[in-house]
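Read the structure below first, then the notes.
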There are 2 protein chains.
Amino acid sequence: MATPNPDRRSERARHAILEAALELCQEHTYGGLTMEGIAKRAGVGKQTIYRWWPSKAAILLEALQGRSSNTLNFPDTGDLRADLRSQMTQVVAAFTDPMFAAYSKGLIAAAQSDPDIANAVVTSIIKPRVDLCIDRLTSAQKDGDIRDDVDLPAMVELLYAPLYYRLLLHTRPVSEDQVDTILDLTIAGCGA
Amino acid sequence: MATPNPDRRSERARHAILEAALELCQEHTYGGLTMEGIAKRAGVGKQTIYRWWPSKAAILLEALQGRSSNTLNFPDTGDLRADLRSQMTQVVAAFTDPMFAAYSKGLIAAAQSDPDIANAVVTSIIKPRVDLCIDRLTSAQKDGDIRDDVDLPAMVELLYAPLYYRLLLHTRPVSEDQVDTILDLTIAGCGA
């Protein structure tokens with residue numbers, strides 16, 4: 001009964017590693033992020049990290065999935081605009097969370113010259129969210145809220161691309177106001 | 001009369017440096033691009049490079065401006081859709097030119113953790129093009145082709161952000177077909 005629970009110890013170590021990776025990515029470039037640095041910040045040995053993750057990209061992916069699970073919550077109340085607004089506002093909150101620097105400074109920057117990372121970002125972060133949005137738009141199209149000839153994957157790009165544009169090009173801050181403007185123009189363009 | 005022309009020699013060296021930077025950025029990450037590497041590929045001394053440019057980012061910016069000057073040509077024939085299509089098609093051609101990897105793999109990736117580079121990209125590449133597009137949209141708004149209540153900077157984002165989304169997130173290839181779909185939905189949403 002006095003023996004420490006090894007599962008709980010592992011869980012604490014995993015959590016410390018994920019948080020350390022997020023923090024270090026905020027402080028450095030992806031290039032400056034190392035397994036050594038993560039191990040040191042998390043207070044674990046490098047071998048402990050390699051037992052669970054093959055690469056720093058894999059750690060960041062898991063850390064971001066934990067942090068952004070709320071953006072996988074796509075509501076369907078029957079009010080298309082309200083549902084899109086509510087999901088897109090969660091995305092804005094994630095994009096403006098400093099910990100989310102691990103996404104833009106870390107994974108997306110690295111994805112530009114590493115096709116494996118690009119593929120992992122699409123598969124584990126972007127595609128699941130795009131699929132949920134397409135489900136919601138498909139139901140709106142059936143309800144007659146979106147014209148039948150609208151290409152739904154293109155509509156998803158129109159809704160979310162302007163948020164990524166500001167996040168990655170740093171032209172203006174990503175903002176909740178932006179969501180309303182995007183919705184005004186996109187729903188006017190795609191609505192029935 | 002037999003003396004080599006120093007201006008012409010400088011011009012050749014400058015050109016060789018700009019091309020070397022573009023080529024190396026295609027082959028490596030931005031992190032892997034060095035002044036030494038550029039000097040070696042261009043066949044010049046490192047001091048020659050530092051005489052003209054303070055950093056590798058400055059070299060890439062100038063090289064890209066030379067390569068993408070055609071996207072600064074914003075037509076105004078009176079036909080809004082045709083004019084947007086023609087300019088956006090030039091952007092697609094630039095985004096799909098392998099030399100343009102210096103933009104996504106180089107500058108935009110580096111901009112995620114270097115605010116000076118982010119600022120230089122906005123000031124020298126993005127803003128001049130956005131301004132020309134806003135001029136064209138302003139004239140379309142005066143002609144009654146765009147509703148008076150449409151926020152023109154937001155319309156610019158709706159037009160170009162989906163191209164950047166595919167370029168930087170690697171979800172699908174940037175394509176000319178995409179331009180037509182974007183125009184269909186955006187003009188339906190913003191048109192008078």
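Every chain in the structure tokens has a letter given in the order shown (A, B, ...), and although residue numbers restart at 1 in each chain, ligands are simply numbered from 1 in the order shown.
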Can you work out which residues from chain A touch chain B at a cut-off of 7 Å (counting only C-alpha atoms) and hand them back as a VMD selection string? chain A and resid 29 104 to 105 109 112 to 113 118 122 157 to 158 161 to 162 164 to 165 168 to 171 185 to 186 188 to 190
Save the residues we just selected, C-alpha atoms, as a CSV table (one decimal), in the first residue's frame?
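Resulting contents of result-v2.csv:
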```
chain,number,residue,atom,x,y,z
A,29,THR,CA,11.7,28.2,-32.7
A,104,SER,CA,2.1,27.9,-35.8
A,105,LYS,CA,5.7,28.3,-34.6
A,109,ALA,CA,6.5,26.1,-39.7
A,112,GLN,CA,6.9,23.6,-44.8
A,113,SER,CA,10.0,21.6,-45.2
A,118,ALA,CA,2.7,18.2,-42.9
A,122,VAL,CA,-3.5,17.3,-41.8
A,157,GLU,CA,-11.9,26.7,-46.8
A,158,LEU,CA,-13.7,30.1,-47.1
A,161,ALA,CA,-8.8,30.1,-44.3
A,162,PRO,CA,-9.1,33.7,-43.3
A,164,TYR,CA,-5.3,30.8,-40.8
A,165,TYR,CA,-4.3,33.7,-43.1
A,168,LEU,CA,0.3,32.6,-40.3
A,169,LEU,CA,0.9,35.8,-42.2
A,170,HIS,CA,0.6,38.1,-39.2
A,171,THR,CA,-1.2,40.8,-41.2
A,185,LEU,CA,-20.0,37.2,-46.5
A,186,THR,CA,-19.9,33.4,-46.7
A,188,ALA,CA,-24.5,35.5,-48.3
A,189,GLY,CA,-22.5,33.7,-50.9
A,190,CYS,CA,-23.5,30.1,-50.1
```
Show me, as a PDB file with N, CA and C atoms, in the first residue's frame, the residues that have an atom within 10 Å of Pro98 of chain A when counting only C-alpha atoms, minus same-chain residues fewer than 5 positions from it.
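As written to disk, out-v9.pdb reads:
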```
ATOM      1  N   LEU A  22       5.174  22.277 -25.041  1.00  0.00           N
ATOM      2  CA  LEU A  22       4.374  23.455 -25.391  1.00  0.00           C
ATOM      3  C   LEU A  22       5.077  24.742 -24.951  1.00  0.00           C
ATOM      4  N   GLU A  23       5.583  24.726 -23.720  1.00  0.00           N
ATOM      5  CA  GLU A  23       6.257  25.920 -23.194  1.00  0.00           C
ATOM      6  C   GLU A  23       7.500  26.262 -24.005  1.00  0.00           C
ATOM      7  N   GLN A  26       6.910  27.829 -27.319  1.00  0.00           N
ATOM      8  CA  GLN A  26       6.529  29.231 -27.196  1.00  0.00           C
ATOM      9  C   GLN A  26       7.783  30.109 -27.086  1.00  0.00           C
ATOM     10  N   ALA A  93     -10.231  31.318 -30.091  1.00  0.00           N
ATOM     11  CA  ALA A  93      -9.685  31.235 -28.732  1.00  0.00           C
ATOM     12  C   ALA A  93      -8.418  30.376 -28.720  1.00  0.00           C
TER      13      ALA A  93
END
```
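Of the residues under consideration (B:Leu132, B:Leu152, B:Met88, B:Met35), B:Leu132 shows the shortest atom-to-atom contact distance to Leu72 of chain B when counting only C-alpha atoms.
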Determine, counting only C-alpha atoms, which protein, DNA and RNA residues have an atom within 10 Å of an atom of Ser86 of chain A; residues of the same chain fewer than 4 positions away are not included. Present the result as a ChimeraX atom specification. /A:71,73-75,80-82,90-91,179
Near-Ala63 of chain A list (8 Å; only C-alpha atoms; drop same-chain fewer than 5 positions) as number ranges by chain: A: 18-19, 21-22
Store the residues picked out above, limited to C-alpha atoms, as a tab-separated table (two decimals), in the first residue's frame.
```tsv
chain	number	residue	atom	x	y	z
A	18	LEU	CA	3.65	17.53	-23.00
A	19	GLU	CA	3.59	20.81	-21.04
A	21	ALA	CA	7.15	20.85	-25.15
A	22	LEU	CA	4.37	23.46	-25.39
```
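When only C-alpha atoms are used to measure the gap to Arg51 of chain B, the shortest distance among B:Asn70, B:Ser10, B:Gln87, B:Ser175 belongs to B:Ser10.
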What's around Ile49 of chain B at 9 Å? Count only C-alpha atoms, leave out sequence neighbours fewer than 4 positions away in its own chain, and write the answer as a ChimeraX atom specification. /B:13-14,17,35,38-39,44-45,53-55,59
Taken to one decimal, the atom CA of His15 of chain B-atom CA of Thr48 of chain B distance is 12.3 Å
Backbone-only DSSP, helix (DSSP H, G or I) members of segment 27-85 of chain A, as an MDAnalysis selection string: chainID A and resid 27 35:42 46:52 56:67 69:72 80:85
Output file for the residues above (C-alpha atoms, as a PDB file, in the first residue's frame):
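Generated output (again.pdb):
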```
ATOM      1  CA  GLU A  27      10.019  30.370 -26.103  1.00  0.00           C
ATOM      2  CA  MET A  35      14.468  16.223 -26.870  1.00  0.00           C
ATOM      3  CA  GLU A  36      17.217  17.161 -24.365  1.00  0.00           C
ATOM      4  CA  GLY A  37      15.545  20.483 -23.633  1.00  0.00           C
ATOM      5  CA  ILE A  38      12.122  18.887 -23.173  1.00  0.00           C
ATOM      6  CA  ALA A  39      13.587  16.207 -20.858  1.00  0.00           C
ATOM      7  CA  LYS A  40      15.355  18.830 -18.755  1.00  0.00           C
ATOM      8  CA  ARG A  41      12.281  21.060 -18.406  1.00  0.00           C
ATOM      9  CA  ALA A  42      10.037  18.080 -17.601  1.00  0.00           C
ATOM     10  CA  LYS A  46      15.568  11.478 -22.454  1.00  0.00           C
ATOM     11  CA  GLN A  47      14.984   7.714 -22.634  1.00  0.00           C
ATOM     12  CA  THR A  48      11.633   8.159 -20.899  1.00  0.00           C
ATOM     13  CA  ILE A  49      10.543  10.462 -23.706  1.00  0.00           C
ATOM     14  CA  TYR A  50      11.731   8.121 -26.456  1.00  0.00           C
ATOM     15  CA  ARG A  51       9.815   5.272 -24.818  1.00  0.00           C
ATOM     16  CA  TRP A  52       6.561   7.106 -25.630  1.00  0.00           C
ATOM     17  CA  LYS A  56       9.444  16.184 -31.012  1.00  0.00           C
ATOM     18  CA  ALA A  57       6.736  16.600 -33.684  1.00  0.00           C
ATOM     19  CA  ALA A  58       4.864  13.622 -32.218  1.00  0.00           C
ATOM     20  CA  ILE A  59       4.998  15.199 -28.736  1.00  0.00           C
ATOM     21  CA  LEU A  60       3.674  18.542 -30.013  1.00  0.00           C
ATOM     22  CA  LEU A  61       0.879  16.843 -31.939  1.00  0.00           C
ATOM     23  CA  GLU A  62      -0.327  15.017 -28.851  1.00  0.00           C
ATOM     24  CA  ALA A  63       0.032  18.103 -26.649  1.00  0.00           C
ATOM     25  CA  LEU A  64      -1.992  20.196 -29.113  1.00  0.00           C
ATOM     26  CA  GLN A  65      -4.686  17.554 -29.467  1.00  0.00           C
ATOM     27  CA  GLY A  66      -5.127  17.605 -25.694  1.00  0.00           C
ATOM     28  CA  ARG A  67      -5.315  21.406 -25.663  1.00  0.00           C
ATOM     29  CA  SER A  69     -10.192  19.033 -28.018  1.00  0.00           C
ATOM     30  CA  ASN A  70     -12.910  21.696 -27.489  1.00  0.00           C
ATOM     31  CA  THR A  71     -12.623  22.680 -31.184  1.00  0.00           C
ATOM     32  CA  LEU A  72     -13.816  19.142 -32.026  1.00  0.00           C
ATOM     33  CA  LEU A  80     -26.398  27.186 -39.007  1.00  0.00           C
ATOM     34  CA  ARG A  81     -24.959  30.637 -38.397  1.00  0.00           C
ATOM     35  CA  ALA A  82     -25.027  30.261 -34.607  1.00  0.00           C
ATOM     36  CA  ASP A  83     -23.380  26.826 -34.824  1.00  0.00           C
ATOM     37  CA  LEU A  84     -20.606  28.017 -37.132  1.00  0.00           C
ATOM     38  CA  ARG A  85     -20.083  31.096 -34.981  1.00  0.00           C
TER      39      ARG A  85
END
```
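Going from atom CA of Arg147 of chain B to atom CA of Asp79 of chain A covers 25.3 Å.
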